[in-house]
Each structure stands twice: as C-alpha cells, then as structure tokens.
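See structure below.
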Amino acid sequence: MCTLEQRGRVFVLTLSGDGEHRLGHALIASLRSAVASAAAQAGPGAALVTVGEGRFFSNGLDIGWAGTSRARLRELVDALRPLAADLLALPMPTVAAVTGHASAGGFLLALCHDYRLMRGDRGVLYMSEVDIGLPLPPYFAAVLRAKITSANALRDVALRGKKVRAAEGKEMGIVDAVYPSAAETAAEAFKFAEQLAARKWDGGVYASIRMSMFPEACRSVGIVEESDEVKRKHFASKL
C-alpha cells in the first residue's frame, strides 16, 4: 500500500511496490492515515515528500474494481475527495516526486501538493476523462483550475487529454523541476523538502495561507472556509 518514514524534519510517503498504485478504498485509506500521522507528529519546520515506486506515481482510480458500475466509480471519486482535502490543508509544505506515470486521480494527487518534481526519462501527466468518456468531477476541475494557471495548458490537459511529459510540463507551469531519472527525482525532492523544512514555518499559518490562495479548490474538497472574523482574530493572535 504505502509507507511513511520520518527522516529528520521530512516525512517521506511512499506508494510502495511495482504496481500501478491504483487508488482504491484500501490505498486511499492508507494514504489518509499516513498523512494524518505526519500531521500529528510534525512540529514547526516539517515537510512531506510523496513518491511512487516502480513505473507509476499513480495510474488513477481503481477502475478494475469499479468495472462498469457507475455507483462504484462514484464511491471512489467520493473517497478520493477527503484525501485531496487532507493534502490541501496539511500544515507543512508538500512535494510530489513524480517518478512515473500520473494519470487522472494520480495526476490530481500530484496537483494537491505544493510542488511537483518529475523524472525526465519516462512518465506522463495525463487527465484521461475526456478520452474514456467520463465527466470530470467538480473538485477535479476546481483543483485543475487552481494549479494550472495557463488557460492554454488547462485546455490541453482537460479538453485534449494531452499526455504531458516532464519537460513540457515545466514549460506549461505544472512541473517545477525535471531530473534525469526516478532516483535523482526522489533524491532532489527530499533535498528540496529539507530546505523548506529548515525554514521552520508555523504549520498552521502555512496551511492557512495555502488555503487562502486556493479558496475554490478548498471549498470543492470540503474544506470549510473561516469567517472573516475568525481570520482577523487568528491574524491578531500572531502579531
């Protein structure tokens, strides 16, 4: 399923094994448990790196389990939504080391991180819904709009089903850095996360700023927005 390892100030969340890391109920629950554990253990100055073993970062929802059942597919779409919320509200910086293909729900998982580092020798980012004839879930669309700010890039990802390789993803503003191999990508993601953690930011403040940057995406995954009065009191308490 997945493992969580703490290395100094950095939590490394690994989708383990050589499979496709399909997001079924068991893997989603395992990921949510790991993210919650990282949040509970973190003090000021922490960061999370998520990495996939093998050829895939994640190949999306477990459509093998869903089969032709739209009800089962809706179950998985609904189950993934709180994991997206966990990441968008996590009180620390997050880095996705995209060491293989990231498709549909797997692409969404990567987008829910603050930074995306990707291997250049293989792997694509691919939002497959238009090709397989499935509507884009509203929260998928909201996260895509929040994290892919170029209108042309968003169009190509969502409406063309473009398979985006690492170098092109960097040109489109989706990927922050490209490295030659999976091992180098994972190593550089950890190194970058260490740099972020060394800043010793207040996790609650960091999460609050992130959520204020992407209000539509946060609302779409069920994160309740603080009232203006609560925000003012929180701000005043930090002065």
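Residues are referred to by chain and number: the chain letter is A, B, ... according to the order shown in the structure tokens, the number counts from 1 in that chain, and ligands are numbered separately from 1 in the order shown.
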Original post:
Met118 of chain A: which residues within 12 Å, counting only C-alpha atoms, same-chain residues fewer than 4 positions away excluded, as a PyMOL selection string?
Top reply: chain A and resi 50-52+56-57+95-102+107+110+122-125+164-170+174-189
**OP:** Write out as a ChimeraX atom specification the residues lying within 12 Å of segment 69-80 of chain A, counting only C-alpha atoms and excluding same-chain residues fewer than 2 positions away.
**Re:** /A:22-32,60-67,82-87,104-106,108-109,112,134-140,220-222
Contacts of Ala39 of chain A at 12 Å or less, counting only C-alpha atoms, minus same-chain residues fewer than 3 places along, as a PDB file with all heavy atoms, in the first residue's frame?
ATOM      1  N   LEU A   4       5.176   5.351   5.522  1.00  0.00           N
ATOM      2  CA  LEU A   4       5.559   6.695   5.953  1.00  0.00           C
ATOM      3  C   LEU A   4       6.820   6.574   6.795  1.00  0.00           C
ATOM      4  O   LEU A   4       6.860   5.818   7.763  1.00  0.00           O
ATOM      5  CB  LEU A   4       4.444   7.346   6.768  1.00  0.00           C
ATOM      6  CG  LEU A   4       4.739   8.777   7.242  1.00  0.00           C
ATOM      7  CD1 LEU A   4       4.733   9.748   6.063  1.00  0.00           C
ATOM      8  CD2 LEU A   4       3.733   9.218   8.302  1.00  0.00           C
ATOM      9  N   GLN A   6       9.911   8.971   8.675  1.00  0.00           N
ATOM     10  CA  GLN A   6      10.394  10.300   9.047  1.00  0.00           C
ATOM     11  C   GLN A   6      11.907  10.313   8.998  1.00  0.00           C
ATOM     12  O   GLN A   6      12.578   9.511   9.646  1.00  0.00           O
ATOM     13  CB  GLN A   6       9.920  10.688  10.450  1.00  0.00           C
ATOM     14  CG  GLN A   6      10.300  12.125  10.823  1.00  0.00           C
ATOM     15  CD  GLN A   6       9.689  12.583  12.130  1.00  0.00           C
ATOM     16  OE1 GLN A   6       8.962  11.836  12.792  1.00  0.00           O
ATOM     17  NE2 GLN A   6       9.970  13.824  12.498  1.00  0.00           N
ATOM     18  N   ARG A   9      13.440  16.225   9.653  1.00  0.00           N
ATOM     19  CA  ARG A   9      12.217  17.032   9.626  1.00  0.00           C
ATOM     20  C   ARG A   9      11.291  16.663   8.464  1.00  0.00           C
ATOM     21  O   ARG A   9      10.202  17.226   8.340  1.00  0.00           O
ATOM     22  CB  ARG A   9      12.564  18.521   9.507  1.00  0.00           C
ATOM     23  CG  ARG A   9      13.293  19.097  10.711  1.00  0.00           C
ATOM     24  CD  ARG A   9      13.584  20.567  10.509  1.00  0.00           C
ATOM     25  NE  ARG A   9      14.258  21.158  11.652  1.00  0.00           N
ATOM     26  CZ  ARG A   9      13.636  21.629  12.728  1.00  0.00           C
ATOM     27  NH1 ARG A   9      12.322  21.582  12.798  1.00  0.00           N
ATOM     28  NH2 ARG A   9      14.326  22.149  13.723  1.00  0.00           N
ATOM     29  N   VAL A  10      11.723  15.738   7.610  1.00  0.00           N
ATOM     30  CA  VAL A  10      10.965  15.415   6.398  1.00  0.00           C
ATOM     31  C   VAL A  10      10.259  14.066   6.549  1.00  0.00           C
ATOM     32  O   VAL A  10      10.879  13.072   6.947  1.00  0.00           O
ATOM     33  CB  VAL A  10      11.893  15.394   5.167  1.00  0.00           C
ATOM     34  CG1 VAL A  10      11.121  14.977   3.922  1.00  0.00           C
ATOM     35  CG2 VAL A  10      12.533  16.763   4.970  1.00  0.00           C
ATOM     36  N   PHE A  11       8.984  14.043   6.202  1.00  0.00           N
ATOM     37  CA  PHE A  11       8.205  12.810   6.144  1.00  0.00           C
ATOM     38  C   PHE A  11       8.193  12.331   4.694  1.00  0.00           C
ATOM     39  O   PHE A  11       7.842  13.104   3.792  1.00  0.00           O
ATOM     40  CB  PHE A  11       6.781  13.036   6.635  1.00  0.00           C
ATOM     41  CG  PHE A  11       6.691  13.391   8.095  1.00  0.00           C
ATOM     42  CD1 PHE A  11       6.751  14.718   8.500  1.00  0.00           C
ATOM     43  CD2 PHE A  11       6.570  12.402   9.060  1.00  0.00           C
ATOM     44  CE1 PHE A  11       6.676  15.053   9.848  1.00  0.00           C
ATOM     45  CE2 PHE A  11       6.502  12.721  10.412  1.00  0.00           C
ATOM     46  CZ  PHE A  11       6.557  14.057  10.803  1.00  0.00           C
ATOM     47  N   ARG A  32      -4.505   8.339   3.615  1.00  0.00           N
ATOM     48  CA  ARG A  32      -5.090   9.288   4.566  1.00  0.00           C
ATOM     49  C   ARG A  32      -4.521   9.072   5.962  1.00  0.00           C
ATOM     50  O   ARG A  32      -4.222  10.043   6.684  1.00  0.00           O
ATOM     51  CB  ARG A  32      -6.606   9.160   4.593  1.00  0.00           C
ATOM     52  CG  ARG A  32      -7.313   9.618   3.332  1.00  0.00           C
ATOM     53  CD  ARG A  32      -8.772   9.936   3.612  1.00  0.00           C
ATOM     54  NE  ARG A  32      -8.865  11.125   4.448  1.00  0.00           N
ATOM     55  CZ  ARG A  32      -9.961  11.459   5.149  1.00  0.00           C
ATOM     56  NH1 ARG A  32     -11.019  10.684   5.112  1.00  0.00           N
ATOM     57  NH2 ARG A  32      -9.967  12.546   5.889  1.00  0.00           N
ATOM     58  N   SER A  33      -4.352   7.812   6.343  1.00  0.00           N
ATOM     59  CA  SER A  33      -3.789   7.506   7.654  1.00  0.00           C
ATOM     60  C   SER A  33      -2.349   8.014   7.760  1.00  0.00           C
ATOM     61  O   SER A  33      -1.944   8.588   8.784  1.00  0.00           O
ATOM     62  CB  SER A  33      -3.830   5.994   7.892  1.00  0.00           C
ATOM     63  OG  SER A  33      -3.217   5.651   9.115  1.00  0.00           O
ATOM     64  N   ALA A  34      -1.579   7.841   6.689  1.00  0.00           N
ATOM     65  CA  ALA A  34      -0.178   8.298   6.694  1.00  0.00           C
ATOM     66  C   ALA A  34      -0.101   9.820   6.774  1.00  0.00           C
ATOM     67  O   ALA A  34       0.720  10.372   7.525  1.00  0.00           O
ATOM     68  CB  ALA A  34       0.531   7.788   5.448  1.00  0.00           C
ATOM     69  N   VAL A  35      -0.928  10.511   6.005  1.00  0.00           N
ATOM     70  CA  VAL A  35      -0.925  11.971   6.014  1.00  0.00           C
ATOM     71  C   VAL A  35      -1.328  12.478   7.405  1.00  0.00           C
ATOM     72  O   VAL A  35      -0.722  13.424   7.947  1.00  0.00           O
ATOM     73  CB  VAL A  35      -1.851  12.531   4.924  1.00  0.00           C
ATOM     74  CG1 VAL A  35      -2.037  14.030   5.067  1.00  0.00           C
ATOM     75  CG2 VAL A  35      -1.289  12.203   3.540  1.00  0.00           C
ATOM     76  N   ALA A  36      -2.336  11.845   8.008  1.00  0.00           N
ATOM     77  CA  ALA A  36      -2.764  12.242   9.351  1.00  0.00           C
ATOM     78  C   ALA A  36      -1.659  12.004  10.368  1.00  0.00           C
ATOM     79  O   ALA A  36      -1.452  12.815  11.289  1.00  0.00           O
ATOM     80  CB  ALA A  36      -4.021  11.472   9.744  1.00  0.00           C
ATOM     81  N   ALA A  42       4.265  16.245  13.367  1.00  0.00           N
ATOM     82  CA  ALA A  42       5.080  17.380  12.911  1.00  0.00           C
ATOM     83  C   ALA A  42       5.089  18.505  13.933  1.00  0.00           C
ATOM     84  O   ALA A  42       4.066  18.834  14.537  1.00  0.00           O
ATOM     85  CB  ALA A  42       4.543  17.894  11.585  1.00  0.00           C
ATOM     86  N   GLY A  43       6.246  19.085  14.102  1.00  0.00           N
ATOM     87  CA  GLY A  43       6.366  20.326  14.847  1.00  0.00           C
ATOM     88  C   GLY A  43       6.659  21.445  13.869  1.00  0.00           C
ATOM     89  O   GLY A  43       6.597  21.249  12.649  1.00  0.00           O
ATOM     90  N   PRO A  44       6.989  22.638  14.357  1.00  0.00           N
ATOM     91  CA  PRO A  44       7.379  23.720  13.445  1.00  0.00           C
ATOM     92  C   PRO A  44       8.590  23.304  12.620  1.00  0.00           C
ATOM     93  O   PRO A  44       9.572  22.786  13.157  1.00  0.00           O
ATOM     94  CB  PRO A  44       7.723  24.867  14.398  1.00  0.00           C
ATOM     95  CG  PRO A  44       6.991  24.548  15.660  1.00  0.00           C
ATOM     96  CD  PRO A  44       6.997  23.060  15.762  1.00  0.00           C
ATOM     97  N   GLY A  45       8.491  23.481  11.327  1.00  0.00           N
ATOM     98  CA  GLY A  45       9.577  23.087  10.452  1.00  0.00           C
ATOM     99  C   GLY A  45       9.485  21.630  10.085  1.00  0.00           C
ATOM    100  O   GLY A  45      10.191  20.775  10.620  1.00  0.00           O
ATOM    101  N   ALA A  46       8.578  21.307   9.167  1.00  0.00           N
ATOM    102  CA  ALA A  46       8.410  19.941   8.664  1.00  0.00           C
ATOM    103  C   ALA A  46       8.009  20.043   7.202  1.00  0.00           C
ATOM    104  O   ALA A  46       7.616  21.108   6.722  1.00  0.00           O
ATOM    105  CB  ALA A  46       7.340  19.184   9.459  1.00  0.00           C
ATOM    106  N   ALA A  47       8.142  18.933   6.492  1.00  0.00           N
ATOM    107  CA  ALA A  47       7.719  18.888   5.091  1.00  0.00           C
ATOM    108  C   ALA A  47       7.395  17.444   4.748  1.00  0.00           C
ATOM    109  O   ALA A  47       7.867  16.502   5.402  1.00  0.00           O
ATOM    110  CB  ALA A  47       8.807  19.426   4.164  1.00  0.00           C
ATOM    111  N   LEU A  48       6.587  17.269   3.710  1.00  0.00           N
ATOM    112  CA  LEU A  48       6.184  15.946   3.242  1.00  0.00           C
ATOM    113  C   LEU A  48       6.611  15.767   1.796  1.00  0.00           C
ATOM    114  O   LEU A  48       6.406  16.649   0.959  1.00  0.00           O
ATOM    115  CB  LEU A  48       4.660  15.794   3.332  1.00  0.00           C
ATOM    116  CG  LEU A  48       4.083  14.495   2.750  1.00  0.00           C
ATOM    117  CD1 LEU A  48       4.264  13.337   3.728  1.00  0.00           C
ATOM    118  CD2 LEU A  48       2.600  14.651   2.411  1.00  0.00           C
ATOM    119  N   ASP A  86      -7.124  16.595   2.758  1.00  0.00           N
ATOM    120  CA  ASP A  86      -6.035  16.402   3.728  1.00  0.00           C
ATOM    121  C   ASP A  86      -4.749  17.075   3.253  1.00  0.00           C
ATOM    122  O   ASP A  86      -4.041  17.712   4.039  1.00  0.00           O
ATOM    123  CB  ASP A  86      -5.762  14.908   3.923  1.00  0.00           C
ATOM    124  CG  ASP A  86      -6.916  14.156   4.583  1.00  0.00           C
ATOM    125  OD1 ASP A  86      -7.782  14.807   5.198  1.00  0.00           O
ATOM    126  OD2 ASP A  86      -6.945  12.914   4.470  1.00  0.00           O
ATOM    127  N   LEU A  87      -4.438  16.909   1.977  1.00  0.00           N
ATOM    128  CA  LEU A  87      -3.199  17.476   1.444  1.00  0.00           C
ATOM    129  C   LEU A  87      -3.278  18.996   1.335  1.00  0.00           C
ATOM    130  O   LEU A  87      -2.306  19.704   1.640  1.00  0.00           O
ATOM    131  CB  LEU A  87      -2.881  16.861   0.083  1.00  0.00           C
ATOM    132  CG  LEU A  87      -2.427  15.399   0.137  1.00  0.00           C
ATOM    133  CD1 LEU A  87      -2.437  14.784  -1.267  1.00  0.00           C
ATOM    134  CD2 LEU A  87      -1.039  15.280   0.758  1.00  0.00           C
ATOM    135  N   ALA A  89      -4.929  20.959   3.152  1.00  0.00           N
ATOM    136  CA  ALA A  89      -4.973  21.565   4.487  1.00  0.00           C
ATOM    137  C   ALA A  89      -3.800  21.150   5.363  1.00  0.00           C
ATOM    138  O   ALA A  89      -3.726  21.542   6.531  1.00  0.00           O
ATOM    139  CB  ALA A  89      -6.282  21.177   5.177  1.00  0.00           C
ATOM    140  N   LEU A  90      -2.859  20.380   4.840  1.00  0.00           N
ATOM    141  CA  LEU A  90      -1.769  19.849   5.645  1.00  0.00           C
ATOM    142  C   LEU A  90      -0.865  20.982   6.152  1.00  0.00           C
ATOM    143  O   LEU A  90      -0.434  21.827   5.360  1.00  0.00           O
ATOM    144  CB  LEU A  90      -0.948  18.852   4.825  1.00  0.00           C
ATOM    145  CG  LEU A  90       0.034  17.984   5.612  1.00  0.00           C
ATOM    146  CD1 LEU A  90      -0.705  17.042   6.559  1.00  0.00           C
ATOM    147  CD2 LEU A  90       0.919  17.181   4.666  1.00  0.00           C
ATOM    148  N   PRO A  91      -0.545  20.995   7.431  1.00  0.00           N
ATOM    149  CA  PRO A  91       0.236  22.115   7.995  1.00  0.00           C
ATOM    150  C   PRO A  91       1.737  21.990   7.780  1.00  0.00           C
ATOM    151  O   PRO A  91       2.528  22.063   8.721  1.00  0.00           O
ATOM    152  CB  PRO A  91      -0.132  22.043   9.483  1.00  0.00           C
ATOM    153  CG  PRO A  91      -0.384  20.600   9.735  1.00  0.00           C
ATOM    154  CD  PRO A  91      -1.050  20.087   8.477  1.00  0.00           C
ATOM    155  N   MET A  92       2.135  21.799   6.539  1.00  0.00           N
ATOM    156  CA  MET A  92       3.556  21.757   6.173  1.00  0.00           C
ATOM    157  C   MET A  92       3.656  21.815   4.660  1.00  0.00           C
ATOM    158  O   MET A  92       2.689  21.473   3.957  1.00  0.00           O
ATOM    159  CB  MET A  92       4.210  20.469   6.688  1.00  0.00           C
ATOM    160  CG  MET A  92       3.703  19.194   6.048  1.00  0.00           C
ATOM    161  SD  MET A  92       4.406  17.677   6.785  1.00  0.00           S
ATOM    162  CE  MET A  92       3.458  17.592   8.306  1.00  0.00           C
ATOM    163  N   PRO A  93       4.789  22.208   4.113  1.00  0.00           N
ATOM    164  CA  PRO A  93       4.979  22.157   2.657  1.00  0.00           C
ATOM    165  C   PRO A  93       4.948  20.714   2.157  1.00  0.00           C
ATOM    166  O   PRO A  93       5.345  19.788   2.865  1.00  0.00           O
ATOM    167  CB  PRO A  93       6.365  22.785   2.453  1.00  0.00           C
ATOM    168  CG  PRO A  93       6.626  23.557   3.699  1.00  0.00           C
ATOM    169  CD  PRO A  93       5.942  22.819   4.796  1.00  0.00           C
ATOM    170  N   THR A  94       4.482  20.545   0.926  1.00  0.00           N
ATOM    171  CA  THR A  94       4.362  19.213   0.334  1.00  0.00           C
ATOM    172  C   THR A  94       5.017  19.194  -1.042  1.00  0.00           C
ATOM    173  O   THR A  94       4.875  20.131  -1.826  1.00  0.00           O
ATOM    174  CB  THR A  94       2.888  18.791   0.212  1.00  0.00           C
ATOM    175  OG1 THR A  94       2.167  19.763  -0.554  1.00  0.00           O
ATOM    176  CG2 THR A  94       2.241  18.657   1.583  1.00  0.00           C
ATOM    177  N   GLY A 203       3.225  25.649  11.038  1.00  0.00           N
ATOM    178  CA  GLY A 203       2.403  24.828  10.155  1.00  0.00           C
ATOM    179  C   GLY A 203       0.992  25.344   9.975  1.00  0.00           C
ATOM    180  O   GLY A 203       0.443  25.318   8.873  1.00  0.00           O
ATOM    181  N   GLY A 204       0.388  25.812  11.073  1.00  0.00           N
ATOM    182  CA  GLY A 204      -0.970  26.330  10.968  1.00  0.00           C
ATOM    183  C   GLY A 204      -1.047  27.554  10.080  1.00  0.00           C
ATOM    184  O   GLY A 204      -1.977  27.702   9.278  1.00  0.00           O
ATOM    185  N   ALA A 207      -0.596  26.418   6.390  1.00  0.00           N
ATOM    186  CA  ALA A 207      -1.822  25.834   5.834  1.00  0.00           C
ATOM    187  C   ALA A 207      -2.874  26.898   5.569  1.00  0.00           C
ATOM    188  O   ALA A 207      -3.578  26.861   4.553  1.00  0.00           O
ATOM    189  CB  ALA A 207      -2.368  24.770   6.786  1.00  0.00           C
TER     190      ALA A 207
END
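Atom to atom, atom CA of Leu159 of chain A and atom CA of Gly54 of chain A stand 28.6 Å apart.
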Original post:
What are the DSSP strand (DSSP E) residues of segment 40-225 of chain A, as a ChimeraX atom specification?
Top reply: /A:47-52,56-58,94-98,101-103,115-119,125-126,177-179
Okay, now the selection with C-alpha atoms, as a JSON list (two decimals), in the first residue's frame?
[["chain", "number", "residue", "atom", "x", "y", "z"],
["A", 47, "ALA", "CA", 7.72, 18.89, 5.09],
["A", 48, "LEU", "CA", 6.18, 15.95, 3.24],
["A", 49, "VAL", "CA", 7.50, 14.20, 0.13],
["A", 50, "THR", "CA", 5.28, 11.75, -1.74],
["A", 51, "VAL", "CA", 6.95, 9.30, -4.12],
["A", 52, "GLY", "CA", 5.85, 6.24, -6.07],
["A", 56, "PHE", "CA", 3.86, 4.64, -11.83],
["A", 57, "PHE", "CA", 3.34, 7.51, -9.44],
["A", 58, "SER", "CA", -0.34, 6.56, -9.57],
["A", 94, "THR", "CA", 4.36, 19.21, 0.33],
["A", 95, "VAL", "CA", 6.44, 17.95, -2.59],
["A", 96, "ALA", "CA", 5.35, 15.31, -5.12],
["A", 97, "ALA", "CA", 8.24, 13.36, -6.61],
["A", 98, "VAL", "CA", 6.55, 12.22, -9.81],
["A", 101, "HIS", "CA", 3.06, 7.99, -14.86],
["A", 102, "ALA", "CA", 0.45, 10.11, -13.03],
["A", 103, "SER", "CA", -2.95, 9.67, -14.63],
["A", 115, "TYR", "CA", 5.49, 21.41, -5.67],
["A", 116, "ARG", "CA", 5.95, 18.79, -8.38],
["A", 117, "LEU", "CA", 9.36, 17.43, -9.36],
["A", 118, "MET", "CA", 9.32, 14.95, -12.25],
["A", 119, "ARG", "CA", 11.66, 12.48, -13.90],
["A", 125, "LEU", "CA", 0.87, 13.54, -16.63],
["A", 126, "TYR", "CA", -2.49, 12.62, -18.13],
["A", 177, "ALA", "CA", 11.79, 20.90, -11.90],
["A", 178, "VAL", "CA", 12.87, 17.97, -14.08],
["A", 179, "TYR", "CA", 15.58, 15.41, -13.29]]
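Restricting the calculation to only C-alpha atoms, the smallest distance between Leu111 of chain A and any of A:Glu53, A:Ala217, A:Phe192, A:Arg199 is found for A:Ala217.
Closest approach to Ser16 of chain A among A:Thr68, A:Asn59, A:Gln195, A:Thr3: A:Thr3, based on only C-alpha atoms.
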